[in-house]
Each structure stands twice: as structure tokens, then as C-alpha cells.
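**Q** Provided herewith: protein37.tsv, TSV, C-alpha atoms.
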```tsv
chain	number	residue	atom	x	y	z
H	1	MET	CA	33.44	20.79	51.43
H	2	THR	CA	37.05	19.73	51.82
H	3	THR	CA	39.80	21.08	49.62
H	4	ARG	CA	40.14	17.59	48.17
H	5	ASP	CA	36.47	17.62	47.07
H	6	LEU	CA	36.96	21.05	45.51
H	7	VAL	CA	40.00	19.77	43.61
H	8	LEU	CA	38.19	16.61	42.46
H	9	ILE	CA	35.29	18.72	41.16
H	10	ALA	CA	37.59	21.08	39.27
H	11	LEU	CA	39.68	18.22	37.86
H	12	PHE	CA	36.57	16.43	36.65
H	13	THR	CA	35.32	19.59	34.97
H	14	ALA	CA	38.71	19.85	33.28
H	15	ILE	CA	38.42	16.21	32.14
H	16	ILE	CA	35.01	16.96	30.60
H	17	VAL	CA	36.54	19.95	28.78
H	18	VAL	CA	39.35	17.74	27.43
H	19	LEU	CA	36.83	15.09	26.30
H	20	GLY	CA	35.39	17.84	24.09
H	21	LEU	CA	38.80	18.47	22.53
H	22	ILE	CA	39.52	14.92	21.41
H	23	PRO	CA	38.24	14.03	17.94
H	24	PRO	CA	34.84	12.27	17.74
H	25	VAL	CA	34.91	8.59	16.89
H	26	THR	CA	32.55	6.56	14.74
H	27	LEU	CA	31.26	3.30	16.14
H	28	GLY	CA	30.58	0.53	13.66
H	29	PHE	CA	26.80	0.52	13.39
H	30	ILE	CA	25.88	4.12	14.26
H	31	PRO	CA	26.22	6.62	11.42
H	32	VAL	CA	26.82	9.76	13.53
H	33	PRO	CA	30.26	10.09	15.15
H	34	ILE	CA	30.02	10.36	18.93
H	35	THR	CA	31.92	12.89	20.99
H	36	ALA	CA	33.51	11.60	24.16
H	37	GLN	CA	32.22	14.70	25.95
H	38	SER	CA	28.61	13.54	25.73
H	39	MET	CA	29.50	10.68	28.10
H	40	GLY	CA	30.53	13.22	30.75
H	41	VAL	CA	27.23	13.18	32.66
H	42	MET	CA	27.29	9.42	33.11
H	43	LEU	CA	31.00	9.39	33.94
H	44	ALA	CA	30.80	12.22	36.47
H	45	GLY	CA	27.83	10.70	38.29
H	46	CYS	CA	29.26	7.18	38.35
H	47	ILE	CA	32.82	8.17	39.27
H	48	ILE	CA	32.70	11.07	41.74
H	49	GLY	CA	29.11	10.64	42.92
H	50	ALA	CA	25.98	12.81	43.04
H	51	LYS	CA	27.06	15.97	44.85
H	52	ARG	CA	30.55	16.37	43.46
H	53	GLY	CA	29.45	15.26	39.98
H	54	ALA	CA	26.63	17.81	39.89
H	55	LEU	CA	28.98	20.55	41.13
H	56	ALA	CA	31.47	19.63	38.39
H	57	TYR	CA	28.66	20.32	35.92
H	58	VAL	CA	27.65	23.56	37.67
H	59	LEU	CA	31.25	24.63	37.11
H	60	LEU	CA	31.13	23.55	33.45
H	61	VAL	CA	27.89	25.43	32.84
H	62	LEU	CA	29.42	28.53	34.45
H	63	LEU	CA	32.44	28.17	32.14
H	64	VAL	CA	30.04	28.02	29.18
H	65	ALA	CA	28.12	31.03	30.49
H	66	ILE	CA	31.20	33.20	30.89
H	67	GLY	CA	32.11	32.55	27.28
H	68	LEU	CA	34.85	29.93	27.29
H	69	PRO	CA	34.72	27.54	24.33
H	70	VAL	CA	34.60	24.45	26.54
H	71	LEU	CA	31.97	22.41	24.70
H	72	SER	CA	32.85	20.02	21.87
H	73	GLY	CA	33.54	21.82	18.62
H	74	GLY	CA	34.67	24.92	20.53
H	75	ARG	CA	31.15	26.01	21.43
H	76	GLY	CA	30.43	28.22	24.41
H	77	GLY	CA	28.88	31.52	25.45
H	78	LEU	CA	25.50	32.57	26.74
H	79	ALA	CA	23.86	31.84	23.37
H	80	VAL	CA	24.31	28.10	23.96
H	81	ILE	CA	22.34	28.33	27.21
H	82	GLN	CA	19.62	30.60	25.81
H	83	GLY	CA	19.26	28.61	22.58
H	84	PRO	CA	16.94	25.67	21.86
H	85	THR	CA	19.25	23.07	23.42
H	86	GLY	CA	19.84	25.08	26.59
H	87	GLY	CA	17.58	22.68	28.50
H	88	PHE	CA	20.06	19.90	27.87
H	89	VAL	CA	22.97	22.05	29.06
H	90	LEU	CA	21.20	22.94	32.33
H	91	GLY	CA	19.75	19.41	32.52
H	92	TRP	CA	23.29	18.01	32.72
H	93	ILE	CA	23.49	19.21	36.32
H	94	VAL	CA	20.32	17.40	37.47
H	95	ALA	CA	21.07	14.35	35.29
H	96	THR	CA	24.52	13.99	36.85
H	97	TYR	CA	23.03	14.31	40.34
H	98	VAL	CA	20.48	11.57	39.67
H	99	THR	CA	23.06	9.33	38.00
H	100	GLY	CA	25.33	9.75	41.02
H	101	LEU	CA	22.54	9.14	43.51
H	102	ILE	CA	21.56	5.86	41.86
H	103	ALA	CA	25.19	4.75	41.44
H	104	GLU	CA	25.94	5.49	45.12
H	105	ARG	CA	22.95	3.40	46.22
H	106	LEU	CA	23.41	0.46	43.86
H	107	VAL	CA	27.16	0.09	43.65
H	108	LYS	CA	29.28	-0.89	46.63
H	109	GLU	CA	32.92	-1.82	46.81
H	110	GLY	CA	33.35	-5.56	47.33
H	111	GLN	CA	30.25	-6.49	45.33
H	112	SER	CA	30.52	-8.94	42.48
H	113	GLU	CA	31.69	-7.39	39.22
H	114	ALA	CA	28.39	-8.18	37.52
H	115	ARG	CA	26.36	-6.28	40.13
H	116	GLN	CA	28.64	-3.26	39.83
H	117	PHE	CA	28.25	-3.25	36.05
H	118	ALA	CA	24.47	-3.53	36.42
H	119	GLY	CA	24.37	-0.68	38.96
H	120	PHE	CA	26.41	1.71	36.81
H	121	PHE	CA	24.42	0.80	33.71
H	122	ILE	CA	21.06	1.47	35.39
H	123	ALA	CA	22.37	4.75	36.83
H	124	SER	CA	23.65	5.86	33.39
H	125	ILE	CA	20.41	4.97	31.61
H	126	VAL	CA	18.04	6.54	34.15
H	127	GLY	CA	20.12	9.64	34.93
H	128	GLY	CA	22.17	10.19	31.80
H	129	ILE	CA	19.39	9.45	29.32
H	130	GLY	CA	15.99	9.50	31.11
H	131	VAL	CA	16.37	12.59	33.29
H	132	LEU	CA	18.30	14.49	30.62
H	133	TYR	CA	15.60	14.08	27.98
H	134	VAL	CA	12.79	14.79	30.46
H	135	ILE	CA	14.37	18.22	31.03
H	136	GLY	CA	15.77	18.86	27.56
H	137	MET	CA	12.78	18.03	25.38
H	138	PRO	CA	10.11	20.29	26.97
H	139	TRP	CA	12.67	23.11	26.84
H	140	VAL	CA	13.02	22.67	23.08
H	141	THR	CA	9.23	22.80	22.78
H	142	ALA	CA	8.98	25.88	24.99
H	143	VAL	CA	11.67	27.74	23.06
H	144	THR	CA	10.84	26.82	19.46
H	145	GLY	CA	7.18	25.86	19.59
H	146	THR	CA	7.95	22.51	17.94
H	147	PRO	CA	5.31	20.05	19.28
H	148	LEU	CA	6.66	17.81	22.05
H	149	SER	CA	5.66	14.67	20.15
H	150	ALA	CA	7.81	15.74	17.19
H	151	VAL	CA	10.75	16.54	19.46
H	152	ALA	CA	10.38	13.13	21.13
H	153	THR	CA	10.25	11.33	17.77
H	154	GLY	CA	13.33	13.20	16.61
H	155	SER	CA	15.15	12.37	19.83
H	156	LEU	CA	14.60	8.65	19.26
H	157	ALA	CA	17.36	8.82	16.65
H	158	PHE	CA	19.86	9.56	19.43
H	159	ILE	CA	18.82	6.74	21.74
H	160	PRO	CA	20.92	3.92	20.18
H	161	GLY	CA	24.02	6.13	20.44
H	162	ASP	CA	23.11	7.00	24.03
H	163	ILE	CA	22.86	3.34	24.98
H	164	VAL	CA	26.31	2.67	23.51
H	165	LYS	CA	27.61	5.61	25.56
H	166	ALA	CA	26.01	4.15	28.70
H	167	VAL	CA	27.82	0.86	28.05
H	168	ILE	CA	31.17	2.62	27.59
H	169	ALA	CA	30.60	4.80	30.66
H	170	THR	CA	29.66	1.72	32.70
H	171	LEU	CA	32.86	-0.11	31.75
H	172	ALA	CA	35.00	2.99	32.37
H	173	ALA	CA	33.35	3.75	35.73
H	174	ARG	CA	33.84	0.17	36.90
H	175	ALA	CA	37.52	0.30	35.83
H	176	VAL	CA	38.03	3.52	37.80
H	177	LEU	CA	36.21	2.07	40.82
H	178	ALA	CA	38.56	-0.91	40.74
H	179	GLY	CA	41.67	1.20	40.20
H	180	TYR	CA	41.02	4.32	42.25
H	181	PRO	CA	37.68	4.32	44.10
H	182	LEU	CA	36.13	7.77	44.61
H	183	LEU	CA	32.38	7.19	44.34
H	184	HIS	CA	31.69	7.07	48.03
H	185	ALA	CA	32.92	10.15	49.87
H	186	ARG	CA	35.83	9.43	52.16
H	187	ALA	CA	34.95	9.83	55.83
A	1	MET	CA	44.15	26.47	24.54
A	2	LEU	CA	41.16	28.01	26.27
A	3	ASN	CA	40.94	31.56	25.08
A	4	GLY	CA	37.79	33.38	26.02
A	5	LEU	CA	35.27	34.28	23.32
A	6	ASN	CA	35.46	37.98	24.15
A	7	VAL	CA	37.13	40.69	22.05
A	8	GLU	CA	38.74	43.88	23.34
A	9	GLY	CA	36.91	47.08	22.55
A	10	THR	CA	35.38	50.31	23.82
A	11	THR	CA	31.80	50.02	22.59
A	12	PRO	CA	29.02	51.01	25.03
A	13	LEU	CA	28.42	47.32	25.66
A	14	HIS	CA	32.07	46.84	26.61
A	15	ARG	CA	31.84	49.64	29.14
A	16	MET	CA	28.54	48.54	30.68
A	17	SER	CA	28.74	46.62	33.96
A	18	VAL	CA	28.48	42.84	33.77
A	19	ARG	CA	25.48	42.81	36.06
A	20	ALA	CA	23.58	45.30	33.88
A	21	LYS	CA	24.33	43.29	30.74
A	22	LEU	CA	23.15	40.05	32.32
A	23	ALA	CA	20.02	41.72	33.68
A	24	ILE	CA	19.15	43.15	30.26
A	25	LEU	CA	19.79	39.79	28.60
A	26	LEU	CA	17.57	38.00	31.11
A	27	PHE	CA	14.84	40.61	30.78
A	28	CYS	CA	14.89	40.59	26.95
A	29	GLY	CA	14.97	36.80	26.93
A	30	LEU	CA	11.80	36.63	29.00
A	31	ALA	CA	10.03	39.64	27.52
A	32	LEU	CA	10.36	38.44	23.92
A	33	TYR	CA	8.39	35.31	24.80
A	34	ALA	CA	5.44	37.52	25.77
A	35	VAL	CA	5.48	39.15	22.32
A	36	SER	CA	3.92	37.54	19.28
A	37	SER	CA	3.85	40.56	16.95
A	38	LEU	CA	6.10	39.82	13.99
A	39	VAL	CA	6.93	43.53	13.54
A	40	ILE	CA	8.33	43.83	17.07
A	41	LEU	CA	10.17	40.50	16.82
A	42	ILE	CA	11.79	41.46	13.50
A	43	ALA	CA	12.76	44.83	14.98
A	44	ALA	CA	14.33	43.08	17.99
A	45	PHE	CA	16.16	40.74	15.63
A	46	VAL	CA	17.55	43.63	13.55
A	47	ILE	CA	18.66	45.54	16.65
A	48	ALA	CA	20.31	42.44	18.16
A	49	ALA	CA	22.07	41.71	14.85
A	50	LEU	CA	23.34	45.32	14.68
A	51	ILE	CA	24.68	45.06	18.23
A	52	TYR	CA	26.25	41.66	17.61
A	53	PHE	CA	28.03	42.65	14.40
A	54	THR	CA	29.38	45.92	15.85
A	55	THR	CA	31.07	44.40	18.92
A	56	GLY	CA	34.40	44.39	17.08
A	57	LEU	CA	34.24	40.69	16.37
A	58	ALA	CA	35.70	39.80	12.93
A	59	PHE	CA	32.82	39.01	10.54
A	60	ARG	CA	34.10	35.50	9.85
A	61	ASP	CA	34.39	34.64	13.56
A	62	ALA	CA	30.97	36.15	14.19
A	63	MET	CA	29.43	33.94	11.51
A	64	SER	CA	31.26	30.75	12.47
A	65	ARG	CA	30.09	31.09	16.09
A	66	LEU	CA	26.50	31.32	14.91
A	67	LYS	CA	26.68	28.34	12.59
A	68	PRO	CA	26.05	25.39	14.98
A	69	ILE	CA	23.19	27.11	16.79
A	70	LEU	CA	21.66	28.41	13.56
A	71	PHE	CA	21.66	24.85	12.24
A	72	THR	CA	19.73	23.52	15.28
A	73	ILE	CA	17.27	26.39	15.16
A	74	LEU	CA	16.57	25.89	11.45
A	75	ILE	CA	15.98	22.13	11.79
A	76	LEU	CA	13.57	22.64	14.69
A	77	LEU	CA	11.72	25.46	13.01
A	78	ILE	CA	11.31	23.61	9.71
A	79	ALA	CA	9.62	20.89	11.77
A	80	THR	CA	7.49	23.53	13.50
A	81	ALA	CA	6.46	25.15	10.22
A	82	TYR	CA	5.48	21.76	8.87
A	83	LEU	CA	3.58	20.64	12.00
A	84	THR	CA	1.95	23.89	13.13
A	85	SER	CA	2.09	27.01	11.02
A	86	LEU	CA	4.58	29.03	9.05
A	87	ARG	CA	3.74	32.12	11.10
A	88	GLU	CA	4.62	30.42	14.37
A	89	ALA	CA	7.89	29.21	12.91
A	90	ALA	CA	8.71	32.73	11.71
A	91	GLU	CA	7.96	34.17	15.16
A	92	GLY	CA	10.18	31.51	16.72
A	93	PHE	CA	13.00	32.25	14.32
A	94	PHE	CA	13.18	36.00	14.90
A	95	ARG	CA	12.65	35.68	18.66
A	96	LEU	CA	15.33	33.02	19.10
A	97	MET	CA	17.80	34.72	16.78
A	98	ALA	CA	17.32	38.03	18.61
A	99	ILE	CA	18.09	36.35	21.95
A	100	VAL	CA	20.99	34.31	20.58
A	101	LEU	CA	22.56	37.34	18.88
A	102	PHE	CA	22.25	39.49	21.98
A	103	ALA	CA	23.64	36.70	24.16
A	104	GLY	CA	26.52	36.40	21.69
A	105	ALA	CA	27.11	40.15	21.97
A	106	VAL	CA	27.27	39.98	25.78
A	107	THR	CA	29.72	37.07	25.53
A	108	ALA	CA	31.86	38.94	22.98
A	109	THR	CA	32.09	42.09	25.10
A	110	THR	CA	32.71	40.66	28.57
A	111	ALA	CA	36.14	39.49	29.72
A	112	THR	CA	36.38	36.16	31.54
A	113	GLY	CA	37.85	37.80	34.64
A	114	ALA	CA	34.99	40.32	34.83
A	115	PHE	CA	32.48	37.46	34.73
A	116	ILE	CA	34.27	35.56	37.51
A	117	ASP	CA	34.38	38.70	39.69
A	118	GLU	CA	30.66	39.24	39.11
A	119	ILE	CA	29.81	35.62	39.98
A	120	THR	CA	31.86	35.92	43.18
A	121	ARG	CA	30.00	39.13	44.07
A	122	LEU	CA	26.60	37.61	43.33
A	123	LEU	CA	27.45	34.71	45.65
A	124	GLN	CA	28.36	36.97	48.59
A	125	PRO	CA	24.89	36.82	50.21
A	126	LEU	CA	25.01	33.01	50.10
A	127	ASP	CA	28.54	33.14	51.47
A	128	ARG	CA	27.35	35.13	54.47
A	129	LEU	CA	24.67	32.50	55.11
A	130	GLY	CA	27.44	29.90	55.11
A	131	LEU	CA	25.98	27.98	52.15
A	132	VAL	CA	28.86	28.38	49.74
A	133	ARG	CA	32.25	29.98	49.82
A	134	ALA	CA	32.27	32.60	47.09
A	135	ALA	CA	36.06	32.57	46.88
A	136	ASP	CA	36.01	28.84	46.06
A	137	VAL	CA	34.38	29.59	42.71
A	138	GLY	CA	37.34	31.65	41.54
A	139	LEU	CA	39.73	28.99	42.84
A	140	ALA	CA	37.82	26.26	40.99
A	141	PHE	CA	37.87	28.28	37.73
A	142	GLY	CA	41.60	28.74	38.13
A	143	LEU	CA	42.13	25.02	38.71
A	144	VAL	CA	40.18	24.06	35.58
A	145	LEU	CA	42.07	26.51	33.37
A	146	ARG	CA	45.36	25.38	34.90
A	147	PHE	CA	44.76	21.66	34.41
A	148	VAL	CA	43.07	21.42	30.99
A	149	PRO	CA	46.42	21.55	29.11
A	150	ASP	CA	47.92	18.96	31.51
A	151	ILE	CA	45.01	16.57	31.04
A	152	PHE	CA	45.19	17.04	27.27
A	153	ASN	CA	48.88	16.04	27.54
A	154	HIS	CA	47.84	12.92	29.47
A	155	TYR	CA	45.45	12.13	26.64
A	156	GLN	CA	48.18	12.49	24.03
A	157	LEU	CA	50.54	10.27	26.02
A	158	ILE	CA	47.89	7.55	26.35
A	159	ARG	CA	47.19	7.82	22.62
A	160	GLU	CA	50.92	7.45	21.84
A	161	ALA	CA	51.08	4.43	24.16
A	162	HIS	CA	48.22	2.87	22.20
A	163	ARG	CA	50.02	3.49	18.89
A	164	ALA	CA	53.30	2.09	20.22
A	165	ARG	CA	51.50	-1.14	21.03
A	166	GLY	CA	49.59	-1.20	17.76
A	167	LEU	CA	46.23	-0.77	19.51
A	168	LYS	CA	43.32	1.18	18.09
A	169	VAL	CA	42.52	4.37	20.00
A	170	ARG	CA	39.07	3.72	21.49
A	171	PRO	CA	37.10	5.80	24.00
A	172	LEU	CA	36.84	2.77	26.23
A	173	THR	CA	40.57	2.17	26.51
A	174	ILE	CA	41.34	5.90	26.82
A	175	LEU	CA	38.80	6.93	29.48
A	176	ALA	CA	39.81	4.80	32.46
A	177	PRO	CA	43.56	5.57	32.35
A	178	LEU	CA	42.89	9.25	31.60
A	179	ILE	CA	40.52	9.63	34.55
A	180	ILE	CA	42.63	7.67	37.04
A	181	LEU	CA	45.83	9.42	35.94
A	182	THR	CA	44.16	12.80	36.47
A	183	LEU	CA	42.20	12.24	39.66
A	184	LYS	CA	44.99	10.52	41.58
A	185	ASP	CA	46.76	13.91	41.70
A	186	ALA	CA	43.84	15.37	43.66
A	187	ASP	CA	45.36	14.68	47.07
A	188	THR	CA	48.68	16.34	46.23
A	189	ILE	CA	46.97	19.36	44.68
A	190	ALA	CA	44.65	19.71	47.69
A	191	MET	CA	47.61	19.53	50.06
A	192	ALA	CA	49.46	22.16	48.03
A	193	ILE	CA	46.45	24.49	48.21
A	194	ASP	CA	46.04	24.01	51.96
A	195	ALA	CA	49.77	24.39	52.58
A	196	ARG	CA	49.67	27.80	50.88
A	197	GLY	CA	46.56	28.81	52.81
A	198	PHE	CA	44.53	29.71	49.70
A	199	ARG	CA	41.26	28.85	51.42
A	200	ARG	CA	40.21	30.43	54.67
A	201	PRO	CA	40.15	27.86	57.46
A	202	SER	CA	36.78	26.20	57.98
A	203	GLU	CA	35.11	27.70	60.99
A	204	LYS	CA	32.03	26.41	62.79
A	205	ARG	CA	32.02	23.06	61.07
A	206	ARG	CA	30.94	19.81	62.59
```
Can you dump the structure from the file as C-alpha cells?

**A**
Amino acid sequence: MTTRDLVLIALFTAIIVVLGLIPPVTLGFIPVPITAQSMGVMLAGCIIGAKRGALAYVLLVLLVAIGLPVLSGGRGGLAVIQGPTGGFVLGWIVATYVTGLIAERLVKEGQSEARQFAGFFIASIVGGIGVLYVIGMPWVTAVTGTPLSAVATGSLAFIPGDIVKAVIATLAARAVLAGYPLLHARA
Amino acid sequence: MLNGLNVEGTTPLHRMSVRAKLAILLFCGLALYAVSSLVILIAAFVIAALIYFTTGLAFRDAMSRLKPILFTILILLIATAYLTSLREAAEGFFRLMAIVLFAGAVTATTATGAFIDEITRLLQPLDRLGLVRAADVGLAFGLVLRFVPDIFNHYQLIREAHRARGLKVRPLTILAPLIILTLKDADTIAMAIDARGFRRPSEKRR
């Protein structure tokens, strides 16, 4: 790993921490305010790619584990990882990797804008929503004993918000790709 | 801006080594799942609560840290009680709270630096195999802590720029400038690190 990669990883982790510090915003038709931090998985995968994105999340999870209040609302500490939603926290790493992998395959510089949007959107949906829930939901069931079907039904409430986040992440990732491309590792 | 969640103190837990604390936490976390006796689970919960509330953490802080996680646990367990049985929900509550309280106690009694040192030590075997560089972890931690205030400043500047132009502050219009503004410094920072020789030169690399 080059020093530049190490710096990009650390800077992205710092960006994710800052996204947790800015106040949540409400979007017109969704009642729950969304935190910018919850877009981090999609953004990291789509902007710095699979390997560096996943490592940025490894670093974030380590920061949580060592007790820094880096998650939105000043949460942090080992209790977050050992609690019912710990599967989502650890799932971020895999979800970012998958998001990045898909984005790297589908999106190329010099493609039409529409294809780039489509690529980032698919990557965000599959990695940032699909993979994350596949890891997070069974964990909730394992930890609390709540039946998986109930957890899945409850999770449906978050899906509309997640899709809006995927749209925002797609637009932001495409803007960064146009302005300062980093997705594909420099030779 | 990013103060650790630990408090100074001299309790036995403060003096215990980080590795021992993590090992006990891991062991208790797994062992409690093998137990379904309510008596043992309640005992574990009471012991964990005693440890958590005697770490020297102010009572108000101790409670406010528990609030978000307690909320999630209660929602899930009300669903469990309704869908399976009250007994299972009760088991889940005491087991989870015992683990969460003990994890909170470890967090409260371990300084950030001690954790980073321990992570670096645990990575040494992998370092010798050439898989990771243990020293990079400490460097990466340092970089994050160093740049969070700077990036937050970037955010405030972008927000002010929005206001000056009468625009609404939206995630969409904030994210791209914030990310580009931050990441374009990567080259300069990397050069500065290499110029100071903070990383050992890469040997045996393709």
C-alpha cells in the first residue's frame, strides 16, 4: 500500500466521522431525519473503491471499538459492536467492499454520464443496502432472539430512506469522479 | 472535538491489561449465549451493572451513554416477547444488558492510546508475515484525529458559502465539494509523510 492510499483511507474515515457531526436533515416525504453518516458506505465504495473503502471502514470500526464517539449522535465504544446492531457496524466493512467492487467494474471514466449514474446506483443498492441487511438482520436475530421475519418486516420501514440515500450517494460519487477521479487505483 | 469515552481512575479494571480486558469481554460475550438460566443471567447483569457504575463515570454520563442502545434493545425485545415468549425476551434483556454494560465498563476504563498500542502489538505476527504494517495503524489513527477538525471546518465554510448565496444546505450540494476539497490534499499529505520518513521504506515489493 502506498502512503497516498494510506492517507486517502484515513481522510475518508475522517470524512465519515465528520458526516456524523453535521445535523441530520429531513427530506420531504420521509418522516425520519436522515444522518449524512449513513451514506458513508455507499460513498466510500463508489469514491475510493473496494479495497481502500473497506479499509476506511475497518479504521472506523477500530475507532468505535477503542471508545471514540465517532458515530452519529456521539455514539461509540465496544457496547455498540456487541449490541443488537453490531452486525450492521461490522457489515459496513463487507458492504463497502462489495459496493466498491461493483462500482469499479461498472463505472469507467469516459463513459456516458447516464451509464456512470446507473453503475453507481446499482453498486449502492446491492452493496450499501442488500449486503448490509443480509449481514445485519441475522445478527439482530442471533443476539435478541427476535424472529428473522419480524426483523425483516421492521427493516422495510428503512428501505425508502435507503433508496433516497443511494440516489444522493450516486449523484455525489459521480460529481467526485468528474472533479477528482479516485475510484480506479492509480498505476 | 474527539475526546475518548474513557475516564481516569485507579479501579482494578483501570489497572488490568488491555488484552486481559478484551479477552474477558470476548469470553463473557460468548459464554452468556450458552446460558439460559434466568438466575445466572440476572446475576451477570447485576455484576456488570455494579462494575459499570463504579468505573468513576459520572452517573449522568453513564446513563446517557446507555440510552440509545437501551432504546434499540427494548424495541427488539418487546417484539420478541410478543412473537415468541416473555421468558425468552427476559433472558435476552439480561444477557444483552450484561454484555453491553461490561463492554461500556471496558471502554470507560481504557485510554485510547493503550488501545492503539494493543492493536499494534496484536498485529505484530501479521506484520512479520508481511501482510500488514502494524505501525501504519497508529499512523492512520493519528491522521484521522488530526484531520477531523479540519474537515469539519471545510464543512462550515461550504455551509457559509451556501448561506451567502441564499441556497438551502442540502446533503447533495455539501457532499461533493466536501469530499473533493478533503481528498485533493492526499498527495501533499502523503509527500509530507514520506519526506519525514514516518514509514519504513517498502522492501521486497514488486

**Q** Taking all atoms listed in the file into account, what are the residues of chain A at most 7 Å from chain H, put as a ChimeraX atom specification?

**A** /A:2-5,73,76-77,79-80,92,96,100,103-104,107,112,115,140,143-144,147-148,151-152,171-172,175-176,180,183,186-187,190

**Q** Pick out the closest residue to Lys21 of chain A from this set: A:Ala114, A:Ile78, A:Val7, A:Ala164. Count all atoms listed in the file.

**A**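 Smallest distance to Lys21 of chain A is found for A:Ala114.
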
**Q** Give me the residues near segment 87-93 of chain H as a list in words, where near means some atom within 9 Å (using all atoms listed in the file) and where sequence neighbours in that chain fewer than 6 positions away do not count.

**A**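 That gives Gly40, Val41, Gly53, Ala54, Leu55, Ala56, Tyr57, Val58, Val61, Val80, Ile81, Gly128, Val131, Leu132, Tyr133, Val134, Ile135, Gly136, Met137, Pro138, Trp139 and Val140 of chain H.
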
**Q** Please provide as a list in words all residues within 12 Å of Ala31 of chain A, with the sequence filter that same-chain residues fewer than 3 positions apart are discarded (counting only C-alpha atoms).

**A**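 Contacts, with the query itself left out: Ala23, Ile24, Leu25, Leu26, Phe27, Cys28, Ala34, Val35, Ser36, Ile40, Leu41, Ala44, Arg95, Leu96, Ala98 and Ile99 of chain A.
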
**Q** When you look at Ile102 of chain H with a cut-off of 8 Å (counting only C-alpha atoms), what residues show up, excluding the ones that are within fewer than 4 positions of it in the same chain? I need them as a JSON list (two decimals) with C-alpha atoms, keeping the file's coordinate frame.

**A**
```
[["chain", "number", "residue", "atom", "x", "y", "z"],
["H", 98, "VAL", "CA", 20.48, 11.57, 39.67],
["H", 106, "LEU", "CA", 23.41, 0.46, 43.86],
["H", 119, "GLY", "CA", 24.37, -0.68, 38.96],
["H", 122, "ILE", "CA", 21.06, 1.47, 35.39],
["H", 123, "ALA", "CA", 22.37, 4.75, 36.83]]
```

**Q** Atom CA of Asp127 of chain A and atom CA of Lys184 of chain A, how far apart in Å?

**A** 29.7 Å

**Q** Please measure the separation of atom CA of Pro68 of chain A and atom CA of Gly113 of chain A, giving the value in Å to one decimal.

**A**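 That distance, rounded to one decimal, is 26.1 Å.
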
**Q** When you count only C-alpha atoms, which of these residues is closest to Val126 of chain H: H:Ala166, H:Leu156, H:Ser112, H:Gly49?

**A**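 Looking only at the distances to Val126 of chain H, the closest residue turns out to be H:Ala166.
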
**Q** If I take atom CA of Gly9 of chain A and atom CA of Phe102 of chain A, how far is one from the other in Å, to one decimal?

**A**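 Between atom CA of Gly9 of chain A and atom CA of Phe102 of chain A the gap is 16.5 Å.
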